[in-house]
Amino acid sequence: MKMKQFNLLSLFLILITCFGQANSTIVSHDERAITIDGQRRILLSGSIHYPRSTSDMWPDLISKAKDGGLDAIETYVFWNAHEPSRRQYDFSGNLDLVRFIKTIQGAGLYSVLRIGPYVCAEWNYGGFPVWLHNMPNMKFRTINPGFMNEMQNFTTKIVNMMKEENLFASQGGPIILAQIENEYGNVISSYGAEGKAYIDWCANMANSLDIGVPWIMCQQPHAPQPMIETCNGFYCDQYKPSNPSSPKMWTENWTGWFKNWGGKHPYRTAEDLAYSVARFFQTGGTFQNYYMYHGGTNFGRVAGGPYITTSYDYDAPLDEYGNLNQPKWGHLKQLHTLLKSMEKPLTYGNISTVDLGNSVTATVYTTNEKSSCFIGNVNATADALVNFKGKDYNVPAWSVSVLPDCDKEAYNTARVNTQTSIITEDSCAEPEKLKWTWRPEFTTQKTILKGSGDLIAEGLVDQKDVTDDASDYLWYMTRVHLDKKDPIWSRNMSLRVHSNAHVLHAYVNGKYVGNQIVRDNKFDYRFEKKVNLVHGTNHLALLSVSVGLQNYGPFFESGPTGINGPVKLVGYKGEETIEKDISKHQWDYKIGLHGFNHKLFSIKSAGHRHLKWSTEKLPADRMLSWYKANFKAPLGKDPVIVDLNGLGKGEVWINGQSIGRYWPSFNSSDDGCTDECDYRGEYGSDKCAFMCGKPTQRWYHVPRSFLNENGHNTITLFEEMGGDPSMVKFKTVVTGTVCARAHEHNKVELSCNNRPISAVKFASFGNPSGKCGSFAAGTCQGAKDAAKVVAEECVGKLNCTMNVSSHKFGSTLDCGDSPKRLFVEIEC
Ligand code: GAL
C-alpha cells in the first residue's frame, strides 16, 4: 500500500515537472533586445492598475489592450492596499492580484509586475503603508533595518504568491519581467552613500528571490547587475542605457498626465504619442510600455498627492470608464501592427542611418530576408520633402514615417486616419430627480465646544503620525485662558495658524471663523482671521483635512502633514503687534468625524436609532452635513457617472462603497488653455491642456458592479464645505459624435461603440477643412455625393469601413495631384 502511494506521488511530481518545463518560457536579454525563448522581441505593453478599476472590468480592458496591439499588461503592486495593518493582508475583490494576472494570462498576454514596493503612481503615500512610517526609528528607502525588513517581507510575499500560482514565465506563467524599487535614480543623491548601499541591497534581495525572469529598475542609471535599467518620460529616443549590455527599454511612456485639484484637463495628442513611440523604435528600442494605457479611478481614499483628483483618466488610450479614447487608441494600434511586422529586422538587422538634412534622418534595418525603414523629422516646425532610395517622401514636422519594406510609407505618425470619438452624457434618458434626506455631522457640537478628543498631547502633532491615515480629518483643540490683564487684549485680535493642512477649518468659541485651502501648490501657508475672544476660557478647534498624502520626492514620507504651527493669538494695538504663541499648550486631538466613525455611508447604518435622517428643511450650503438618497440604476451596459455639480467638497458612497473624494466647487485656473493644440514640439503636462476655469472634476465614475441592477441603490454624501445636492444626477456616458479626417489611400473605420450609427452630418472627399463640429467642403470634391456614400455604407450599422479613394468617392478633377482627404462627421 505504502509503495503504491509513493509511486503515485512520484508520478504526479514527474508530471508536474515535465508539464512545468514544457510550458516554461525563458526570458533573457542581450544588448539589443529582450529575448523570449531565444527570439529577440519588440514588446508593446500598457499599464492598467487593477485597483483603479473593478474586477468585472478587467476582461474588457485587457481584451481592448490586446485588440489595440499590445503584448503585455503592466501593473504596480500596491503595498498599502494589500497590507493595511501590519501582517494583515487583503487580496480580495479589486485587490485580487492573482486573479488580475490570470485574466491577463487568459487573454494570451504577458505581464510585467512592478512590485516596487514604492510605486509613486499618484497613489496615496506612493504605496507605503502609514503604519510603516510610524514604526520606531523608521526611515524609508535607505539603509534602515526596520524598513528593509518590511520591504523584503512584502516583496517576498508577493513573489511567493506568484510562484504558488505558477505565474512567472519561468513556470509557464505570463510574468516576463518584474520591477524592484521605482525611479530611485532620481533621488539617490539625496541619500548619500547609503543610497548606493540601499539600491545594491534592493538588487541582491530581489535577485535572491529567484523568480526566473529578469528584474528591471526604472530610472536607475548604472543599475546594479543583473538588474536592467529602463527609461521613463514623454520621450526616450535619446536614452542610452549606461550599461552597454542592457537593451533599450521604456517602462513609462506617459500617454497624458494626471490631474490635481485646481488643475486643468491634460491632453496629449495621438500624433505626438505615436511620434514618441516610432522614434523610440527608430532608435533601437525593444520594449515600450504606455503609462497609463487605462488610468481609471482613484476610488475611496487611494488618491495620492497631495491633491490628486479622483479621476485618474490620464488621457490614456482607454478612458476612465474603459471606452476607446479615439483617435489615440486606433492610431497607436496601426503603428503597433506595423512595428510587429518589422520585428525581425528591428531586432536582428544591421542598422544604418542616413542624414537627409534639416533634422531628418532615415534609419534602415537590414537582414537577409527583409529591410525596414523609418524616416524621422524631429524639426518642430518645418515639414520635409526628402528623396530616399530614389523616391520622394513628404514627412511633416515632428513626425516619423514607417516604411515596413523601405519602399513605401505605410504610416506617418502625424497623419491620423482613425476616427475621433466625442464622448457625451446620454441625452435620451432623463435622469430621475433625487429625493434627499440629511443629517448634521455630530462631531461639531461636542468637539467644537467642549474640545473633547481621543488623545492629549503637549504641543502640536503631525497629522499622519497620530491618525495612521485612518481618516482625512483630525481635530486640533485647545483652551486658552485670557484674563483681563493679558497684554494681548485689543479691539483687533486674530487667530494665526501656520499650517500644512490641505484644508483648514477654524472655530473659536463654537463659532466658525473660516477656512483656507491650498492653492497653486502652496502647501505651507499662513491662515489669519479676525476672532472674538472672551475673558476667561476660550475654546479653539481647528479641523485639519488631508487630501491625499505625498507620493514623490526624497524623504517624502516625513514631509509635514496637518497643523505644524506655530498657532498664535495676535493682538494689534496701533503700531504694536502682540503675539501669544499657544503651540506648546496642551492640545486635545480627535481622529476622524462622528459620521465616518459610525459608518453613516454603510447600507446597514440606515436602521440605527441614533442616526435619524430627516427629509425636512434640506439645507444647501451647510458645512459638515450628510446627505442620502435612493435611486434606480440607469438601464443598459453603458458606463454610469454621477454629476456632482453644485456640491462643495467631500466624499461620496454608492451602496456603501466609496467612489472617491469629490470637489466640483474647485475650479481650475482661468489661464493656460488655448483653442489650438499644435502637436509639434516637445510635450509637457501643461501643453494643450483644456477646461480652464471649469470644475476640476464634475463627473464621478460609478462602476456598474457597485450598483444593484434592479433593486434599490443608495448614494450617500459627506459634504464638508457646503453645497447643494439638488442638481446631483446619475447619467450614462456614450459616444455622441464621431469625426474622421482620413487620408487618401487609407481605410477609414467608423463606429459608435456598440450603438448604431444614426446619421451622417457631413462628408466631403477632396480638400475639406475645419474642426470636428464645423467641417466645411473645400474647393474640390469627388464626383459622388460623399454624404450619400457614407450613409449607404454606415447608417444603421454598428461600424463600417471604407477605402478613402477616388474609386469610392469619385474623382476630383480640380484637386490636381495634391493628396486628398475624407472628412466625415456622423451622429450616434
Ligand atoms: C513617474 C512614476 C509613476 C508616476 C509618473 C507620473 O515618475 O514612476 O509612478 O508617478 O511618474 O504619472
# chains A, B, ... in the order shown; residues from 1 in each chain; ligands from 1
$ residues_around --residues "Ser85 of chain A" --least-positions-apart "6" --cutoff "12 Å" --atoms "only C-alpha atoms" --output "VMD selection string"
chain A and resid 79 128 to 132 134 to 135 468 to 470
$ write_last_selection --atoms "all heavy atoms" --output "compact mmCIF listing (two decimals), in the first residue's frame"
# COMPACT_ATOMS: atom_id res chain seq x y z
N TRP A 79 1.20 48.22 -2.03
CA TRP A 79 1.50 47.70 -0.70
C TRP A 79 0.47 48.15 0.35
O TRP A 79 -0.09 47.33 1.09
CB TRP A 79 2.92 48.14 -0.30
CG TRP A 79 3.45 47.59 0.98
CD1 TRP A 79 2.82 46.73 1.85
CD2 TRP A 79 4.74 47.85 1.55
NE1 TRP A 79 3.63 46.44 2.90
CE2 TRP A 79 4.82 47.12 2.75
CE3 TRP A 79 5.83 48.63 1.15
CZ2 TRP A 79 5.95 47.15 3.56
CZ3 TRP A 79 6.96 48.65 1.96
CH2 TRP A 79 7.01 47.92 3.16
N PHE A 128 3.21 53.32 0.18
CA PHE A 128 3.69 52.88 1.50
C PHE A 128 2.54 52.92 2.52
O PHE A 128 1.78 53.87 2.55
CB PHE A 128 4.81 53.80 2.01
CG PHE A 128 6.13 53.57 1.35
CD1 PHE A 128 6.85 54.62 0.81
CD2 PHE A 128 6.67 52.29 1.27
CE1 PHE A 128 8.09 54.42 0.21
CE2 PHE A 128 7.91 52.07 0.67
CZ PHE A 128 8.62 53.14 0.14
N PRO A 129 2.49 51.90 3.38
CA PRO A 129 1.51 51.98 4.46
C PRO A 129 1.96 53.03 5.47
O PRO A 129 3.17 53.16 5.72
CB PRO A 129 1.57 50.58 5.10
CG PRO A 129 2.45 49.74 4.24
CD PRO A 129 3.28 50.66 3.40
N VAL A 130 1.02 53.77 6.06
CA VAL A 130 1.41 54.81 7.00
C VAL A 130 1.88 54.19 8.33
O VAL A 130 2.74 54.75 9.01
CB VAL A 130 0.28 55.84 7.18
CG1 VAL A 130 0.66 56.91 8.19
CG2 VAL A 130 -0.02 56.50 5.83
N TRP A 131 1.38 52.99 8.64
CA TRP A 131 1.87 52.34 9.87
C TRP A 131 3.38 52.11 9.81
O TRP A 131 4.07 52.10 10.82
CB TRP A 131 1.13 51.04 10.19
CG TRP A 131 1.12 49.98 9.10
CD1 TRP A 131 0.09 49.67 8.28
CD2 TRP A 131 2.19 49.08 8.74
NE1 TRP A 131 0.44 48.66 7.42
CE2 TRP A 131 1.73 48.28 7.68
CE3 TRP A 131 3.50 48.89 9.19
CZ2 TRP A 131 2.52 47.29 7.07
CZ3 TRP A 131 4.29 47.92 8.58
CH2 TRP A 131 3.79 47.13 7.53
N LEU A 132 3.88 51.92 8.60
CA LEU A 132 5.31 51.67 8.43
C LEU A 132 6.10 52.91 8.88
O LEU A 132 7.08 52.81 9.61
CB LEU A 132 5.58 51.36 6.95
CG LEU A 132 7.01 51.10 6.53
CD1 LEU A 132 7.52 49.82 7.16
CD2 LEU A 132 7.11 51.00 5.01
N ASN A 134 5.16 54.98 10.99
CA ASN A 134 5.01 55.19 12.43
C ASN A 134 5.71 54.11 13.28
O ASN A 134 5.53 54.06 14.48
CB ASN A 134 3.52 55.30 12.78
CG ASN A 134 2.95 56.62 12.22
OD1 ASN A 134 3.70 57.56 11.98
ND2 ASN A 134 1.65 56.67 12.00
N MET A 135 6.52 53.27 12.64
CA MET A 135 7.32 52.31 13.41
C MET A 135 8.56 53.03 13.95
O MET A 135 9.04 53.98 13.33
CB MET A 135 7.75 51.14 12.52
CG MET A 135 6.62 50.17 12.24
SD MET A 135 7.10 48.87 11.08
CE MET A 135 8.17 47.86 12.10
N ASP A 468 -2.45 57.57 11.57
CA ASP A 468 -2.11 56.42 10.72
C ASP A 468 -2.86 56.52 9.40
O ASP A 468 -3.08 55.54 8.71
CB ASP A 468 -2.47 55.09 11.40
CG ASP A 468 -1.23 54.40 11.96
OD1 ASP A 468 -0.12 54.89 11.70
OD2 ASP A 468 -1.39 53.38 12.64
N ASP A 469 -3.31 57.72 9.08
CA ASP A 469 -4.09 57.99 7.87
C ASP A 469 -5.40 57.19 7.83
O ASP A 469 -5.92 56.88 6.76
CB ASP A 469 -3.26 57.73 6.61
CG ASP A 469 -3.84 58.42 5.39
OD1 ASP A 469 -4.32 59.56 5.52
OD2 ASP A 469 -3.86 57.80 4.30
N ALA A 470 -5.95 56.91 9.00
CA ALA A 470 -7.23 56.21 9.02
C ALA A 470 -8.35 57.13 8.54
O ALA A 470 -9.44 56.66 8.19
CB ALA A 470 -7.52 55.72 10.43
$ residues_near_ligand --ligand "ligand 1" --cutoff "8 Å" --atoms "only C-alpha atoms and all ligand atoms" --output "list in words"
Val119, Cys120, Ala121, Glu122, Trp123, Gly126, Asn182, Glu183, Cys218, Asn232, Gly233, Glu252, Trp254, Trp257, Phe258, Tyr291, Met292, Asn551 and Tyr552 of chain A
$ write_last_selection --atoms "C-alpha atoms" --output "JSON list (two decimals), in the first residue's frame"
[["chain", "number", "residue", "atom", "x", "y", "z"],
["A", 119, "VAL", "CA", 5.39, 52.87, -6.60],
["A", 120, "CYS", "CA", 4.78, 56.65, -6.70],
["A", 121, "ALA", "CA", 1.86, 56.32, -9.16],
["A", 122, "GLU", "CA", -0.07, 59.31, -7.74],
["A", 123, "TRP", "CA", -1.19, 56.74, -5.19],
["A", 126, "GLY", "CA", 3.40, 56.32, -3.03],
["A", 182, "ASN", "CA", 10.92, 52.80, -8.66],
["A", 183, "GLU", "CA", 12.88, 55.71, -10.10],
["A", 218, "CYS", "CA", 13.40, 52.14, -13.89],
["A", 232, "ASN", "CA", 10.63, 56.82, -18.10],
["A", 233, "GLY", "CA", 9.36, 60.00, -19.75],
["A", 252, "GLU", "CA", 6.73, 54.64, -18.77],
["A", 254, "TRP", "CA", 3.33, 58.99, -20.33],
["A", 257, "TRP", "CA", -0.85, 63.24, -17.39],
["A", 258, "PHE", "CA", -2.60, 63.11, -14.03],
["A", 291, "TYR", "CA", 1.83, 54.67, -18.65],
["A", 292, "MET", "CA", -1.16, 54.65, -18.49],
["A", 551, "ASN", "CA", 3.83, 60.26, -3.16],
["A", 552, "TYR", "CA", 7.09, 61.55, -4.62]]
$ atom_distance --atom1 "atom CA of Asp237 of chain A" --atom2 "atom CA of Asn387 of chain A"
23.7 Å
$ atom_distance --atom1 "atom CA of Leu339 of chain A" --atom2 "atom CA of Leu70 of chain A"
11.1 Å
$ select_by_dssp --residues "segment 122-336 of chain A" --states "strand (DSSP E or B)" --output "PyMOL selection string"
chain A and resi 123+168+175-180+215-218+228-233+248-254+260+265+285-294+297+303+305+308+311+318+324
$ closest_residue --among "A:Asp383, A:Asp405, A:Glu576, A:Glu720" --to "Val360 of chain A" --atoms "only C-alpha atoms"
A:Asp383
$ residues_around --residues "segment 650-661 of chain A" --least-positions-apart "5" --cutoff "8 Å" --atoms "only C-alpha atoms" --output "NGL selection string"
:A and (298-301 or 309-310 or 601-603 or 700-702 or 706-707 or 713-721)
$ residues_around --residues "Gly330 of chain A" --least-positions-apart "6" --cutoff "12 Å" --atoms "only C-alpha atoms" --output "VMD selection string"
chain A and resid 64 to 65 67 to 69 270 to 271 274 317 to 318 323 to 324 336 to 337 413 416 to 421 740 748 to 751
$ closest_residue --among "A:Asn207, A:Trp261, A:Ser625, A:Lys599" --to "Arg698 of chain A" --atoms "only C-alpha atoms"
A:Trp261
$ residues_around --residues "Val545 of chain A" --least-positions-apart "4" --cutoff "6 Å" --atoms "only C-alpha atoms" --output "ChimeraX atom specification"
/A:472-473,501-503
$ write_last_selection --atoms "N, CA, C and O atoms" --output "PDB file, in the first residue's frame"
ATOM      1  N   ASP A 472      -9.221  61.345   6.723  1.00  0.00           N
ATOM      2  CA  ASP A 472      -8.720  62.620   6.201  1.00  0.00           C
ATOM      3  C   ASP A 472      -8.738  63.690   7.290  1.00  0.00           C
ATOM      4  O   ASP A 472      -8.151  64.750   7.129  1.00  0.00           O
ATOM      5  N   TYR A 473      -9.492  63.429   8.349  1.00  0.00           N
ATOM      6  CA  TYR A 473      -9.828  64.503   9.295  1.00  0.00           C
ATOM      7  C   TYR A 473      -9.149  64.339  10.645  1.00  0.00           C
ATOM      8  O   TYR A 473      -9.148  63.249  11.222  1.00  0.00           O
ATOM      9  N   ALA A 501      -2.008  71.795   6.554  1.00  0.00           N
ATOM     10  CA  ALA A 501      -3.256  71.069   6.280  1.00  0.00           C
ATOM     11  C   ALA A 501      -3.675  71.417   4.857  1.00  0.00           C
ATOM     12  O   ALA A 501      -3.556  72.567   4.445  1.00  0.00           O
ATOM     13  N   HIS A 502      -4.175  70.434   4.114  1.00  0.00           N
ATOM     14  CA  HIS A 502      -4.621  70.757   2.754  1.00  0.00           C
ATOM     15  C   HIS A 502      -5.839  71.655   2.798  1.00  0.00           C
ATOM     16  O   HIS A 502      -6.024  72.506   1.958  1.00  0.00           O
ATOM     17  N   VAL A 503      -6.666  71.427   3.803  1.00  0.00           N
ATOM     18  CA  VAL A 503      -7.786  72.323   4.077  1.00  0.00           C
ATOM     19  C   VAL A 503      -7.785  72.545   5.585  1.00  0.00           C
ATOM     20  O   VAL A 503      -7.559  71.612   6.354  1.00  0.00           O
TER      21      VAL A 503
END
$ closest_residue --among "A:Ser544, A:Asp724, A:Ile422, A:Ala414" --to "Thr467 of chain A" --atoms "only C-alpha atoms"
A:Ser544
$ select_by_dssp --residues "segment 463-667 of chain A" --states "alpha helix (DSSP H)" --output "ChimeraX atom specification"
/A:463-467,594-597
$ write_last_selection --atoms "all heavy atoms" --output "mmCIF file, in the first residue's frame"
data_model
loop_
_atom_site.group_PDB
_atom_site.id
_atom_site.type_symbol
_atom_site.label_atom_id
_atom_site.label_comp_id
_atom_site.auth_asym_id
_atom_site.auth_seq_id
_atom_site.Cartn_x
_atom_site.Cartn_y
_atom_site.Cartn_z
ATOM 1 N N GLN A 463 -0.145 65.249 11.560
ATOM 2 C CA GLN A 463 -1.426 64.547 11.349
ATOM 3 C C GLN A 463 -1.248 63.045 11.115
ATOM 4 O O GLN A 463 -1.891 62.229 11.758
ATOM 5 C CB GLN A 463 -2.171 65.190 10.182
ATOM 6 C CG GLN A 463 -3.509 64.496 9.899
ATOM 7 C CD GLN A 463 -4.478 65.372 9.157
ATOM 8 O OE1 GLN A 463 -4.237 66.567 8.973
ATOM 9 N NE2 GLN A 463 -5.595 64.809 8.739
ATOM 10 N N LYS A 464 -0.365 62.681 10.171
ATOM 11 C CA LYS A 464 -0.295 61.244 9.845
ATOM 12 C C LYS A 464 0.330 60.438 10.978
ATOM 13 O O LYS A 464 0.071 59.255 11.111
ATOM 14 C CB LYS A 464 0.457 61.021 8.526
ATOM 15 C CG LYS A 464 1.903 61.385 8.562
ATOM 16 C CD LYS A 464 2.574 61.133 7.243
ATOM 17 C CE LYS A 464 3.929 61.817 7.148
ATOM 18 N NZ LYS A 464 4.051 63.161 7.697
ATOM 19 N N ASP A 465 1.122 61.143 11.824
ATOM 20 C CA ASP A 465 1.741 60.436 12.946
ATOM 21 C C ASP A 465 0.688 59.933 13.926
ATOM 22 O O ASP A 465 0.872 58.886 14.540
ATOM 23 C CB ASP A 465 2.724 61.349 13.695
ATOM 24 C CG ASP A 465 3.957 61.661 12.862
ATOM 25 O OD1 ASP A 465 4.056 61.128 11.739
ATOM 26 O OD2 ASP A 465 4.799 62.451 13.325
ATOM 27 N N VAL A 466 -0.385 60.681 14.065
ATOM 28 C CA VAL A 466 -1.388 60.224 15.041
ATOM 29 C C VAL A 466 -2.567 59.502 14.410
ATOM 30 O O VAL A 466 -3.220 58.698 15.053
ATOM 31 C CB VAL A 466 -1.925 61.372 15.933
ATOM 32 C CG1 VAL A 466 -0.833 61.939 16.789
ATOM 33 C CG2 VAL A 466 -2.601 62.448 15.124
ATOM 34 N N THR A 467 -2.845 59.780 13.128
ATOM 35 C CA THR A 467 -4.043 59.152 12.545
ATOM 36 C C THR A 467 -3.722 57.833 11.860
ATOM 37 O O THR A 467 -4.636 57.069 11.551
ATOM 38 C CB THR A 467 -4.686 60.047 11.465
ATOM 39 O OG1 THR A 467 -3.723 60.251 10.430
ATOM 40 C CG2 THR A 467 -5.134 61.379 12.024
ATOM 41 N N HIS A 594 -17.520 61.982 13.427
ATOM 42 C CA HIS A 594 -18.512 61.087 14.018
ATOM 43 C C HIS A 594 -19.193 60.216 12.970
ATOM 44 O O HIS A 594 -19.279 59.000 13.107
ATOM 45 C CB HIS A 594 -19.536 61.965 14.745
ATOM 46 C CG HIS A 594 -20.616 61.208 15.412
ATOM 47 N ND1 HIS A 594 -21.773 60.844 14.756
ATOM 48 C CD2 HIS A 594 -20.717 60.743 16.673
ATOM 49 C CE1 HIS A 594 -22.544 60.188 15.595
ATOM 50 N NE2 HIS A 594 -21.931 60.106 16.761
ATOM 51 N N GLY A 595 -19.633 60.840 11.905
ATOM 52 C CA GLY A 595 -20.377 60.112 10.868
ATOM 53 C C GLY A 595 -19.548 59.033 10.183
ATOM 54 O O GLY A 595 -20.056 57.981 9.820
ATOM 55 N N PHE A 596 -18.260 59.305 10.039
ATOM 56 C CA PHE A 596 -17.375 58.298 9.445
ATOM 57 C C PHE A 596 -17.192 57.160 10.446
ATOM 58 O O PHE A 596 -17.259 55.985 10.102
ATOM 59 C CB PHE A 596 -15.996 58.894 9.131
ATOM 60 C CG PHE A 596 -15.976 59.750 7.903
ATOM 61 C CD1 PHE A 596 -16.370 61.068 7.948
ATOM 62 C CD2 PHE A 596 -15.552 59.222 6.700
ATOM 63 C CE1 PHE A 596 -16.343 61.865 6.817
ATOM 64 C CE2 PHE A 596 -15.510 60.012 5.554
ATOM 65 C CZ PHE A 596 -15.914 61.334 5.616
ATOM 66 N N ASN A 597 -16.940 57.558 11.694
ATOM 67 C CA ASN A 597 -16.682 56.542 12.705
ATOM 68 C C ASN A 597 -17.911 55.656 12.892
ATOM 69 O O ASN A 597 -17.787 54.487 13.248
ATOM 70 C CB ASN A 597 -16.242 57.192 14.015
ATOM 71 C CG ASN A 597 -14.958 58.010 13.815
ATOM 72 O OD1 ASN A 597 -14.285 57.851 12.776
ATOM 73 N ND2 ASN A 597 -14.622 58.879 14.741
#
$ residues_around --residues "Arg40 of chain A" --least-positions-apart "2" --cutoff "8 Å" --atoms "only C-alpha atoms" --output "list in words"
His29, Arg32, Ala33, Ile34, Thr35, Ile36, Gly38, Ile42, Lys344, Thr347 and Tyr348 of chain A
$ write_last_selection --atoms "N, CA and C atoms" --output "compact mmCIF listing (two decimals), in the first residue's frame"
# COMPACT_ATOMS: atom_id res chain seq x y z
N HIS A 29 17.90 38.61 -21.90
CA HIS A 29 18.13 39.78 -22.74
C HIS A 29 19.56 39.77 -23.23
N ARG A 32 20.68 44.01 -27.34
CA ARG A 32 19.78 44.54 -28.37
C ARG A 32 18.31 44.48 -27.95
N ALA A 33 17.95 43.41 -27.26
CA ALA A 33 16.52 43.21 -27.02
C ALA A 33 16.26 42.26 -25.87
N ILE A 34 15.01 42.28 -25.43
CA ILE A 34 14.50 41.23 -24.54
C ILE A 34 14.29 40.02 -25.45
N THR A 35 14.73 38.86 -25.00
CA THR A 35 14.50 37.68 -25.83
C THR A 35 13.59 36.73 -25.08
N ILE A 36 12.66 36.15 -25.81
CA ILE A 36 11.75 35.18 -25.22
C ILE A 36 11.96 33.88 -25.97
N GLY A 38 14.63 32.55 -26.69
CA GLY A 38 15.72 32.70 -27.66
C GLY A 38 15.43 33.65 -28.81
N ILE A 42 10.17 42.66 -30.11
CA ILE A 42 9.65 44.01 -29.94
C ILE A 42 8.46 43.82 -29.02
N LYS A 344 11.59 41.24 -36.85
CA LYS A 344 12.88 40.59 -37.17
C LYS A 344 13.94 41.61 -37.56
N THR A 347 15.08 43.80 -34.62
CA THR A 347 15.82 43.21 -33.51
C THR A 347 17.08 42.46 -33.95
N TYR A 348 17.11 42.02 -35.24
CA TYR A 348 18.28 41.29 -35.71
C TYR A 348 19.05 42.02 -36.80
$ atom_distance --atom1 "atom CA of Ser399 of chain A" --atom2 "atom CA of Gly681 of chain A"
9.9 Å
$ residues_around --residues "Tyr110 of chain A" --least-positions-apart "3" --cutoff "8 Å" --atoms "only C-alpha atoms" --output "list of chain:residue names"
A:Asp71, A:Ala72, A:Ile73, A:Ile104, A:Gln105, A:Pro174, A:Ile175, A:Ile176
$ closest_residue --among "A:Pro634, A:Pro639, A:Gly390, A:Gly684" --to "Pro266 of chain A" --atoms "only C-alpha atoms"
A:Gly684
$ closest_residue --among "A:Ser359, A:Asn153, A:Ser811, A:Asn412" --to "Asp272 of chain A" --atoms "only C-alpha atoms"
A:Asn412
$ decode --residues "segment 392-406 of chain A" --atoms "N, CA, C and O atoms" --output "short mmCIF file (atom, residue, chain, number, x, y, z; two decimals), in the first residue's frame"
data_model
loop_
_atom_site.label_atom_id
_atom_site.label_comp_id
_atom_site.auth_asym_id
_atom_site.auth_seq_id
_atom_site.Cartn_x
_atom_site.Cartn_y
_atom_site.Cartn_z
N ASP A 392 10.37 60.12 -53.51
CA ASP A 392 10.11 61.32 -52.71
C ASP A 392 9.15 61.00 -51.57
O ASP A 392 8.16 60.27 -51.76
N TYR A 393 9.45 61.56 -50.43
CA TYR A 393 8.56 61.40 -49.27
C TYR A 393 8.30 62.75 -48.63
O TYR A 393 9.23 63.55 -48.46
N ASN A 394 7.04 62.95 -48.28
CA ASN A 394 6.69 64.16 -47.57
C ASN A 394 6.57 63.79 -46.09
O ASN A 394 5.70 63.02 -45.71
N VAL A 395 7.48 64.31 -45.27
CA VAL A 395 7.46 63.95 -43.84
C VAL A 395 7.15 65.21 -43.03
O VAL A 395 7.99 66.10 -42.89
N PRO A 396 5.93 65.32 -42.52
CA PRO A 396 5.57 66.52 -41.77
C PRO A 396 6.50 66.76 -40.58
O PRO A 396 7.12 65.81 -40.08
N ALA A 397 6.55 68.02 -40.14
CA ALA A 397 7.37 68.36 -38.98
C ALA A 397 6.97 67.46 -37.82
O ALA A 397 5.79 67.10 -37.67
N TRP A 398 7.95 67.10 -36.97
CA TRP A 398 7.69 66.33 -35.75
C TRP A 398 6.89 65.07 -36.07
O TRP A 398 5.82 64.82 -35.51
N SER A 399 7.39 64.30 -37.03
CA SER A 399 6.68 63.06 -37.36
C SER A 399 7.67 62.02 -37.85
O SER A 399 8.82 62.32 -38.17
N VAL A 400 7.19 60.80 -37.84
CA VAL A 400 8.00 59.68 -38.33
C VAL A 400 7.18 58.91 -39.35
O VAL A 400 6.00 58.60 -39.10
N SER A 401 7.78 58.62 -40.49
CA SER A 401 7.14 57.75 -41.47
C SER A 401 7.70 56.35 -41.30
O SER A 401 8.91 56.18 -41.09
N VAL A 402 6.80 55.38 -41.38
CA VAL A 402 7.23 53.99 -41.23
C VAL A 402 7.11 53.31 -42.59
O VAL A 402 6.04 53.36 -43.23
N LEU A 403 8.21 52.70 -43.02
CA LEU A 403 8.25 52.04 -44.33
C LEU A 403 8.63 50.57 -44.08
O LEU A 403 9.82 50.22 -44.04
N PRO A 404 7.65 49.69 -43.89
CA PRO A 404 7.97 48.31 -43.47
C PRO A 404 8.92 47.61 -44.44
O PRO A 404 9.71 46.76 -44.02
N ASP A 405 8.85 47.94 -45.72
CA ASP A 405 9.77 47.31 -46.68
C ASP A 405 10.72 48.32 -47.30
O ASP A 405 11.32 48.07 -48.35
N CYS A 406 10.81 49.47 -46.70
CA CYS A 406 11.72 50.53 -47.13
C CYS A 406 11.38 51.14 -48.50
O CYS A 406 12.18 51.87 -49.06
#
